[in-house]
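Enquirer: Contents of input-v6.txt (compact mmCIF, C-alpha atoms):
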# COMPACT_ATOMS: atom_id res chain seq x y z
CA MET A 25 68.72 119.03 90.79
CA VAL A 26 68.98 116.34 93.49
CA PRO A 27 67.45 112.93 92.70
CA ARG A 28 67.58 110.31 95.43
CA LEU A 29 68.17 106.57 95.38
CA LEU A 30 67.55 104.27 98.33
CA LEU A 31 68.46 100.60 98.18
CA ARG A 32 67.41 98.75 101.31
CA ALA A 33 68.38 95.25 102.31
CA TRP A 34 64.84 94.39 103.34
CA PRO A 35 62.29 92.07 101.72
CA ARG A 36 60.50 93.65 98.79
CA GLY A 37 57.80 96.03 99.87
CA PRO A 38 56.65 99.64 99.45
CA ALA A 39 59.28 102.04 98.14
CA VAL A 40 60.97 104.18 100.78
CA GLY A 41 61.82 107.19 98.62
CA PRO A 42 61.16 108.60 95.14
CA GLY A 43 61.48 105.61 92.83
CA ALA A 44 63.29 103.67 95.55
CA PRO A 45 63.58 99.95 94.94
CA SER A 46 64.30 97.46 97.70
CA ARG A 47 66.33 94.29 97.37
CA PRO A 48 66.42 91.31 99.72
CA LEU A 49 69.63 89.75 100.98
CA SER A 50 70.38 86.10 100.51
CA ALA A 51 69.37 84.13 103.59
CA GLY A 52 71.25 81.44 105.47
CA SER A 53 74.86 81.02 106.45
CA GLY A 54 76.30 79.72 103.18
CA PRO A 55 78.38 81.52 100.50
CA GLY A 56 75.27 83.40 99.35
CA GLN A 57 75.10 85.40 102.55
CA TYR A 58 77.43 88.14 101.39
CA LEU A 59 76.31 90.89 103.79
CA GLN A 60 76.23 90.28 107.51
CA ARG A 61 75.53 92.44 110.52
CA SER A 62 78.74 93.13 112.43
CA ILE A 63 78.77 92.71 116.22
CA VAL A 64 81.35 95.55 116.41
CA PRO A 65 80.10 99.12 115.73
CA THR A 66 81.54 100.55 112.50
CA MET A 67 83.49 103.40 114.16
CA HIS A 68 84.48 101.45 117.30
CA TYR A 69 88.25 101.62 116.66
CA GLN A 70 88.34 105.07 115.06
CA ASP A 71 89.95 106.88 118.01
CA SER A 72 92.73 104.29 118.32
CA LEU A 73 93.83 104.53 114.68
CA PRO A 74 97.27 106.13 114.22
CA ARG A 75 97.64 109.45 112.39
CA LEU A 76 99.03 109.01 108.92
CA PRO A 77 102.36 110.78 108.42
CA ILE A 78 102.86 113.33 105.67
CA PRO A 79 104.49 111.42 102.80
CA LYS A 80 107.85 112.39 101.35
CA LEU A 81 107.58 115.05 98.67
CA GLU A 82 109.44 112.88 96.15
CA ASP A 83 106.91 110.07 96.71
CA THR A 84 104.00 112.43 96.12
CA ILE A 85 105.60 113.78 92.93
CA ARG A 86 106.20 110.23 91.72
CA ARG A 87 102.54 109.29 92.27
CA TYR A 88 101.41 112.50 90.59
CA LEU A 89 103.51 111.80 87.48
CA SER A 90 102.33 108.18 87.38
CA ALA A 91 98.73 109.43 87.34
CA GLN A 92 99.48 112.02 84.65
CA LYS A 93 101.37 109.77 82.23
CA PRO A 94 98.32 107.96 80.75
CA LEU A 95 96.58 111.31 80.21
CA LEU A 96 99.32 113.22 78.37
CA ASP A 97 101.24 112.81 75.14
CA ASP A 98 105.05 112.61 75.30
CA GLY A 99 105.60 116.34 74.84
CA GLN A 100 103.04 117.33 77.46
CA PHE A 101 104.40 114.77 79.91
CA ARG A 102 108.00 116.00 79.55
CA LYS A 103 106.82 119.55 80.24
CA THR A 104 104.86 118.45 83.32
CA GLU A 105 107.88 116.42 84.46
CA GLN A 106 110.05 119.54 84.26
CA PHE A 107 107.55 121.51 86.35
CA CYS A 108 107.57 118.72 88.93
CA LYS A 109 111.37 118.53 89.17
CA SER A 110 111.63 122.30 89.50
CA PHE A 111 109.00 122.30 92.25
CA GLU A 112 110.51 119.33 94.10
CA ASN A 113 114.02 120.81 94.12
CA GLY A 114 112.93 124.42 94.67
CA ILE A 115 110.05 126.08 96.53
CA GLY A 116 108.30 122.75 97.07
CA LYS A 117 111.10 121.54 99.32
CA GLU A 118 110.76 124.59 101.59
CA LEU A 119 106.95 124.42 101.64
CA HIS A 120 107.13 120.74 102.56
CA LYS A 121 109.39 121.52 105.55
CA GLN A 122 106.90 124.13 106.75
CA LEU A 123 104.00 121.69 106.29
CA VAL A 124 105.77 119.03 108.36
CA ALA A 125 106.44 121.60 111.10
CA LEU A 126 102.78 122.65 111.15
CA ASP A 127 101.69 119.02 111.31
CA LYS A 128 103.85 118.45 114.41
CA GLN A 129 102.16 121.42 116.12
CA ASN A 130 98.63 120.22 115.32
CA LYS A 131 98.28 116.62 116.47
CA HIS A 132 94.48 116.94 116.67
CA THR A 133 94.13 117.08 112.90
CA SER A 134 95.90 115.97 109.74
CA TYR A 135 96.75 117.60 106.43
CA ILE A 136 97.06 114.28 104.71
CA SER A 137 94.85 111.20 104.65
CA GLY A 138 95.11 108.13 102.47
CA GLN A 139 97.81 107.32 99.95
CA GLY A 140 96.83 109.82 97.27
CA PHE A 141 99.01 112.69 96.11
CA ASP A 142 96.25 115.26 95.70
CA ARG A 143 95.86 116.29 99.36
CA HIS A 144 99.60 116.71 99.77
CA LEU A 145 99.93 118.95 96.72
CA PHE A 146 96.80 120.86 97.74
CA ALA A 147 98.20 121.47 101.23
CA LEU A 148 101.45 122.82 99.75
CA ARG A 149 99.49 125.07 97.39
CA HIS A 150 97.35 126.36 100.26
CA LEU A 151 100.46 126.99 102.34
CA ALA A 152 102.11 128.94 99.50
CA ALA A 153 99.01 131.14 99.19
CA ALA A 154 98.90 131.69 102.97
CA LYS A 155 102.56 132.78 102.93
CA GLY A 156 102.00 135.14 100.00
CA ILE A 157 104.32 133.12 97.76
CA ILE A 158 103.82 133.39 94.00
CA LEU A 159 102.03 130.28 92.82
CA PRO A 160 104.65 127.75 91.62
CA GLU A 161 104.57 126.79 87.94
CA LEU A 162 103.49 123.26 88.80
CA TYR A 163 100.05 124.59 89.74
CA LEU A 164 99.78 126.66 86.54
CA ASP A 165 100.42 123.60 84.36
CA PRO A 166 97.27 122.76 82.31
CA ALA A 167 97.86 119.11 83.22
CA TYR A 168 97.45 119.96 86.92
CA GLY A 169 94.17 121.72 86.20
CA GLN A 170 92.94 118.79 84.13
CA ILE A 171 93.68 116.10 86.70
CA ASN A 172 92.00 118.20 89.41
CA HIS A 173 88.84 118.73 87.36
CA ASN A 174 86.77 116.23 89.33
CA VAL A 175 83.61 115.45 87.38
CA LEU A 176 82.62 112.90 90.01
CA SER A 177 82.87 114.06 93.63
CA THR A 178 81.69 111.72 96.39
CA SER A 179 81.48 111.86 100.17
CA THR A 180 79.72 110.07 103.00
CA LEU A 181 78.68 110.62 106.59
CA SER A 182 77.46 107.34 108.05
CA SER A 183 75.71 107.92 111.34
CA PRO A 184 72.48 106.64 112.91
CA ALA A 185 71.50 110.29 113.33
CA VAL A 186 71.80 111.05 109.60
CA ASN A 187 69.45 109.61 106.99
CA LEU A 188 70.94 111.06 103.81
CA GLY A 189 72.95 114.17 102.97
CA GLY A 190 74.25 115.83 99.85
CA PHE A 191 76.39 118.58 98.39
CA ALA A 192 76.87 120.44 95.13
CA PRO A 193 79.30 119.29 92.41
CA VAL A 194 82.80 120.78 92.63
CA VAL A 195 82.87 121.64 88.89
CA SER A 196 80.15 123.03 86.64
CA ASP A 197 79.90 119.86 84.52
CA GLY A 198 80.17 117.42 87.40
CA PHE A 199 78.08 115.42 89.84
CA GLY A 200 78.01 115.60 93.63
CA VAL A 201 77.26 112.21 95.17
CA GLY A 202 76.40 112.05 98.85
CA TYR A 203 76.04 108.41 99.89
CA ALA A 204 75.39 106.44 103.06
CA VAL A 205 76.10 102.81 103.94
CA HIS A 206 74.32 101.39 106.98
CA ASP A 207 73.77 97.92 108.39
CA ASN A 208 70.55 97.32 106.48
CA TRP A 209 70.43 99.86 103.68
CA ILE A 210 72.48 102.00 101.33
CA GLY A 211 71.48 105.13 99.47
CA CYS A 212 72.69 108.28 97.75
CA ASN A 213 71.73 111.77 96.66
CA VAL A 214 73.09 112.99 93.32
CA SER A 215 73.23 116.69 92.47
CA SER A 216 74.21 118.51 89.28
CA TYR A 217 74.10 121.93 87.67
CA PRO A 218 72.01 122.62 84.52
CA GLY A 219 73.49 120.81 81.54
CA ARG A 220 73.97 117.51 83.36
CA ASN A 221 71.23 114.94 83.85
CA ALA A 222 71.51 113.79 87.46
CA ARG A 223 68.44 111.57 87.18
CA GLU A 224 69.98 109.66 84.27
CA PHE A 225 73.21 109.28 86.26
CA LEU A 226 71.21 107.92 89.19
CA GLN A 227 69.56 105.35 86.92
CA CYS A 228 73.06 104.15 85.99
CA VAL A 229 73.98 103.91 89.68
CA GLU A 230 70.86 101.85 90.32
CA LYS A 231 71.65 99.54 87.38
CA ALA A 232 75.23 99.04 88.64
CA LEU A 233 74.03 98.16 92.14
CA GLU A 234 71.41 95.77 90.79
CA ASP A 235 74.14 94.10 88.68
CA MET A 236 76.25 93.67 91.82
CA PHE A 237 73.33 92.05 93.64
CA ASP A 238 72.76 89.69 90.68
CA ALA A 239 76.46 88.77 90.47
CA LEU A 240 76.68 88.08 94.20
CA GLU A 241 73.55 85.94 94.02
CA GLY A 242 74.92 83.96 91.07
CA LYS A 243 72.38 85.34 88.60
CA SER A 244 73.02 86.45 85.04
CA ILE A 245 73.56 90.19 84.67
CA LYS A 246 70.86 91.78 82.55
CA SER A 247 72.08 93.85 79.62
Let's see the structure in the file written out as structure tokens.
Expert:
Amino acid sequence: MVPRLLLRAWPRGPAVGPGAPSRPLSAGSGPGQYLQRSIVPTMHYQDSLPRLPIPKLEDTIRRYLSAQKPLLDDGQFRKTEQFCKSFENGIGKELHKQLVALDKQNKHTSYISGQGFDRHLFALRHLAAAKGIILPELYLDPAYGQINHNVLSTSTLSSPAVNLGGFAPVVSDGFGVGYAVHDNWIGCNVSSYPGRNAREFLQCVEKALEDMFDALEGKSIKS
């Protein structure tokens, strides 16, 4: 099931896709003009951006535990904390060294992007599997499985050559949201497996975007 939403920053006119509304931008050069066309192409500086280094393992573990604490009771958190300490001081330390070495040999790509902990832990898990190492207890912890159960999975590919794209959810009860942001329009495709109502989810996305437009234009948000 893949409903589509297109919101275009053009004056109101015929819909561009199934049920696609259009919304005008505020005109003029005052505070109301909240979206402007950039004179610099979006990806102009992409090649000159530095590669992000692989974070320290202790920093990743700290971020992981900070994310887990609101989700677990005291007993569950102490157990997860023990798994983390054992991993950080044991096999995780060796896997991290190997990951850093691999990163130095492959300057054309990167194992880690952004400041999140999930890609770092995933890379270490993948490396353990590739080396035939028994999966560390950290990855068998129910808390790890819970925090990696991504009901909402999003991705984008903004290019003049691509109108809209999409992909399947990463879990059976989730949504896959492929979105695009261009100079004069935004849009998304939402997919789901049976049991989830992707069209209802898309209606909520549309309502949220309309609320943003109203707020930026100084209008009251409709309930």
Enquirer: Give me the residues within 7 Å of range 244-247 of chain A as a list in words, counting all atoms listed in the file and dropping any in the same chain fewer than 3 places off.
Expert: Asp235, Asp238 and Ala239 of chain A
Enquirer: Report as number ranges by chain all protein, DNA and RNA residues lying within 10 Å of Ser196 in chain A, evaluated on all atoms listed in the file, omitting residues in the same chain fewer than 6 positions from it.
Expert: A: 173-175, 216-220
Enquirer: Go ahead and save the picked residues with C-alpha atoms, as a compact mmCIF listing (two decimals), in the coordinates of the input.
Expert:
# COMPACT_ATOMS: atom_id res chain seq x y z
CA HIS A 173 88.84 118.73 87.36
CA ASN A 174 86.77 116.23 89.33
CA VAL A 175 83.61 115.45 87.38
CA SER A 216 74.21 118.51 89.28
CA TYR A 217 74.10 121.93 87.67
CA PRO A 218 72.01 122.62 84.52
CA GLY A 219 73.49 120.81 81.54
CA ARG A 220 73.97 117.51 83.36
Enquirer: Of the candidates A:Leu96, A:Ala91, A:Val186, A:Leu81, which one gets nearest to Gly114 in chain A if we count only C-alpha atoms?
Expert: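 Closest candidate: A:Leu81.
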Enquirer: Within 9 Å of (99.9, 122.6, 104.0), all atoms listed in the file: residues as a PyMOL selection string?
Expert: chain A and resi 119-120+122-124+126-127+135-136+143-152
Enquirer: Give me a file of those residues, with C-alpha atoms, as a PDB file, in the frame of the given file.
Expert:
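Okay, out_29.pdb is ready:
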ATOM      1  CA  LEU A 119     106.950 124.420 101.640  1.00  0.00           C
ATOM      2  CA  HIS A 120     107.130 120.740 102.560  1.00  0.00           C
ATOM      3  CA  GLN A 122     106.900 124.130 106.750  1.00  0.00           C
ATOM      4  CA  LEU A 123     104.000 121.690 106.290  1.00  0.00           C
ATOM      5  CA  VAL A 124     105.770 119.030 108.360  1.00  0.00           C
ATOM      6  CA  LEU A 126     102.780 122.650 111.150  1.00  0.00           C
ATOM      7  CA  ASP A 127     101.690 119.020 111.310  1.00  0.00           C
ATOM      8  CA  TYR A 135      96.750 117.600 106.430  1.00  0.00           C
ATOM      9  CA  ILE A 136      97.060 114.280 104.710  1.00  0.00           C
ATOM     10  CA  ARG A 143      95.860 116.290  99.360  1.00  0.00           C
ATOM     11  CA  HIS A 144      99.600 116.710  99.770  1.00  0.00           C
ATOM     12  CA  LEU A 145      99.930 118.950  96.720  1.00  0.00           C
ATOM     13  CA  PHE A 146      96.800 120.860  97.740  1.00  0.00           C
ATOM     14  CA  ALA A 147      98.200 121.470 101.230  1.00  0.00           C
ATOM     15  CA  LEU A 148     101.450 122.820  99.750  1.00  0.00           C
ATOM     16  CA  ARG A 149      99.490 125.070  97.390  1.00  0.00           C
ATOM     17  CA  HIS A 150      97.350 126.360 100.260  1.00  0.00           C
ATOM     18  CA  LEU A 151     100.460 126.990 102.340  1.00  0.00           C
ATOM     19  CA  ALA A 152     102.110 128.940  99.500  1.00  0.00           C
TER      20      ALA A 152
END
Enquirer: Kindly indicate which residue among A:Phe111, A:Phe141, A:Phe199, A:Phe191 lies nearest to Pro160 in chain A, using all atoms listed in the file for the distances.
Expert: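 So, comparing all the options, the nearest one is A:Phe111.
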Enquirer: Kindly complete range 81-108 of chain A to N, CA and C atoms; the output should be written as a PDB file, keeping the file's coordinate frame.
Expert:
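Everything below was put into part.pdb:
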ATOM      1  N   LEU A  81     107.965 114.277  99.848  1.00  0.00           N
ATOM      2  CA  LEU A  81     107.580 115.050  98.670  1.00  0.00           C
ATOM      3  C   LEU A  81     107.917 114.291  97.394  1.00  0.00           C
ATOM      4  N   GLU A  82     109.063 113.604  97.362  1.00  0.00           N
ATOM      5  CA  GLU A  82     109.440 112.880  96.150  1.00  0.00           C
ATOM      6  C   GLU A  82     108.466 111.734  95.859  1.00  0.00           C
ATOM      7  N   ASP A  83     107.897 111.130  96.916  1.00  0.00           N
ATOM      8  CA  ASP A  83     106.910 110.070  96.710  1.00  0.00           C
ATOM      9  C   ASP A  83     105.613 110.627  96.132  1.00  0.00           C
ATOM     10  N   THR A  84     105.214 111.791  96.630  1.00  0.00           N
ATOM     11  CA  THR A  84     104.000 112.430  96.120  1.00  0.00           C
ATOM     12  C   THR A  84     104.170 112.821  94.656  1.00  0.00           C
ATOM     13  N   ILE A  85     105.330 113.390  94.317  1.00  0.00           N
ATOM     14  CA  ILE A  85     105.600 113.780  92.930  1.00  0.00           C
ATOM     15  C   ILE A  85     105.602 112.552  92.023  1.00  0.00           C
ATOM     16  N   ARG A  86     106.160 111.461  92.506  1.00  0.00           N
ATOM     17  CA  ARG A  86     106.200 110.230  91.720  1.00  0.00           C
ATOM     18  C   ARG A  86     104.779 109.719  91.441  1.00  0.00           C
ATOM     19  N   ARG A  87     103.928 109.738  92.458  1.00  0.00           N
ATOM     20  CA  ARG A  87     102.540 109.290  92.270  1.00  0.00           C
ATOM     21  C   ARG A  87     101.795 110.229  91.319  1.00  0.00           C
ATOM     22  N   TYR A  88     102.061 111.512  91.457  1.00  0.00           N
ATOM     23  CA  TYR A  88     101.410 112.500  90.590  1.00  0.00           C
ATOM     24  C   TYR A  88     101.782 112.254  89.126  1.00  0.00           C
ATOM     25  N   LEU A  89     103.072 112.037  88.855  1.00  0.00           N
ATOM     26  CA  LEU A  89     103.510 111.800  87.480  1.00  0.00           C
ATOM     27  C   LEU A  89     102.969 110.474  86.943  1.00  0.00           C
ATOM     28  N   SER A  90     102.882 109.461  87.807  1.00  0.00           N
ATOM     29  CA  SER A  90     102.330 108.180  87.380  1.00  0.00           C
ATOM     30  C   SER A  90     100.866 108.325  86.966  1.00  0.00           C
ATOM     31  N   ALA A  91     100.132 109.194  87.671  1.00  0.00           N
ATOM     32  CA  ALA A  91      98.730 109.430  87.340  1.00  0.00           C
ATOM     33  C   ALA A  91      98.586 110.261  86.070  1.00  0.00           C
ATOM     34  N   GLN A  92      99.549 111.143  85.813  1.00  0.00           N
ATOM     35  CA  GLN A  92      99.480 112.020  84.650  1.00  0.00           C
ATOM     36  C   GLN A  92      99.885 111.321  83.356  1.00  0.00           C
ATOM     37  N   LYS A  93     100.780 110.353  83.445  1.00  0.00           N
ATOM     38  CA  LYS A  93     101.370 109.770  82.230  1.00  0.00           C
ATOM     39  C   LYS A  93     100.344 109.215  81.253  1.00  0.00           C
ATOM     40  N   PRO A  94      99.307 108.484  81.711  1.00  0.00           N
ATOM     41  CA  PRO A  94      98.320 107.960  80.750  1.00  0.00           C
ATOM     42  C   PRO A  94      97.463 109.047  80.110  1.00  0.00           C
ATOM     43  N   LEU A  95      97.468 110.241  80.677  1.00  0.00           N
ATOM     44  CA  LEU A  95      96.580 111.310  80.210  1.00  0.00           C
ATOM     45  C   LEU A  95      97.239 112.265  79.230  1.00  0.00           C
ATOM     46  N   LEU A  96      98.575 112.237  79.145  1.00  0.00           N
ATOM     47  CA  LEU A  96      99.320 113.220  78.370  1.00  0.00           C
ATOM     48  C   LEU A  96     100.102 112.569  77.246  1.00  0.00           C
ATOM     49  N   ASP A  97     100.332 113.323  76.166  1.00  0.00           N
ATOM     50  CA  ASP A  97     101.240 112.810  75.140  1.00  0.00           C
ATOM     51  C   ASP A  97     102.680 113.044  75.605  1.00  0.00           C
ATOM     52  N   ASP A  98     103.653 112.568  74.861  1.00  0.00           N
ATOM     53  CA  ASP A  98     105.050 112.610  75.300  1.00  0.00           C
ATOM     54  C   ASP A  98     105.526 114.030  75.571  1.00  0.00           C
ATOM     55  N   GLY A  99     105.170 114.956  74.676  1.00  0.00           N
ATOM     56  CA  GLY A  99     105.600 116.340  74.840  1.00  0.00           C
ATOM     57  C   GLY A  99     104.995 116.983  76.079  1.00  0.00           C
ATOM     58  N   GLN A 100     103.706 116.778  76.279  1.00  0.00           N
ATOM     59  CA  GLN A 100     103.040 117.330  77.460  1.00  0.00           C
ATOM     60  C   GLN A 100     103.609 116.730  78.745  1.00  0.00           C
ATOM     61  N   PHE A 101     103.880 115.422  78.704  1.00  0.00           N
ATOM     62  CA  PHE A 101     104.400 114.770  79.910  1.00  0.00           C
ATOM     63  C   PHE A 101     105.789 115.293  80.266  1.00  0.00           C
ATOM     64  N   ARG A 102     106.651 115.478  79.272  1.00  0.00           N
ATOM     65  CA  ARG A 102     108.000 116.000  79.550  1.00  0.00           C
ATOM     66  C   ARG A 102     107.927 117.390  80.159  1.00  0.00           C
ATOM     67  N   LYS A 103     106.981 118.204  79.688  1.00  0.00           N
ATOM     68  CA  LYS A 103     106.820 119.550  80.240  1.00  0.00           C
ATOM     69  C   LYS A 103     106.347 119.478  81.688  1.00  0.00           C
ATOM     70  N   THR A 104     105.363 118.632  81.947  1.00  0.00           N
ATOM     71  CA  THR A 104     104.860 118.450  83.320  1.00  0.00           C
ATOM     72  C   THR A 104     105.957 117.907  84.216  1.00  0.00           C
ATOM     73  N   GLU A 105     106.780 116.992  83.696  1.00  0.00           N
ATOM     74  CA  GLU A 105     107.880 116.420  84.460  1.00  0.00           C
ATOM     75  C   GLU A 105     108.886 117.492  84.858  1.00  0.00           C
ATOM     76  N   GLN A 106     109.129 118.436  83.958  1.00  0.00           N
ATOM     77  CA  GLN A 106     110.050 119.540  84.260  1.00  0.00           C
ATOM     78  C   GLN A 106     109.484 120.431  85.365  1.00  0.00           C
ATOM     79  N   PHE A 107     108.188 120.716  85.300  1.00  0.00           N
ATOM     80  CA  PHE A 107     107.550 121.510  86.350  1.00  0.00           C
ATOM     81  C   PHE A 107     107.692 120.803  87.706  1.00  0.00           C
ATOM     82  N   CYS A 108     107.498 119.492  87.694  1.00  0.00           N
ATOM     83  CA  CYS A 108     107.570 118.720  88.930  1.00  0.00           C
ATOM     84  C   CYS A 108     108.985 118.740  89.522  1.00  0.00           C
TER      85      CYS A 108
END
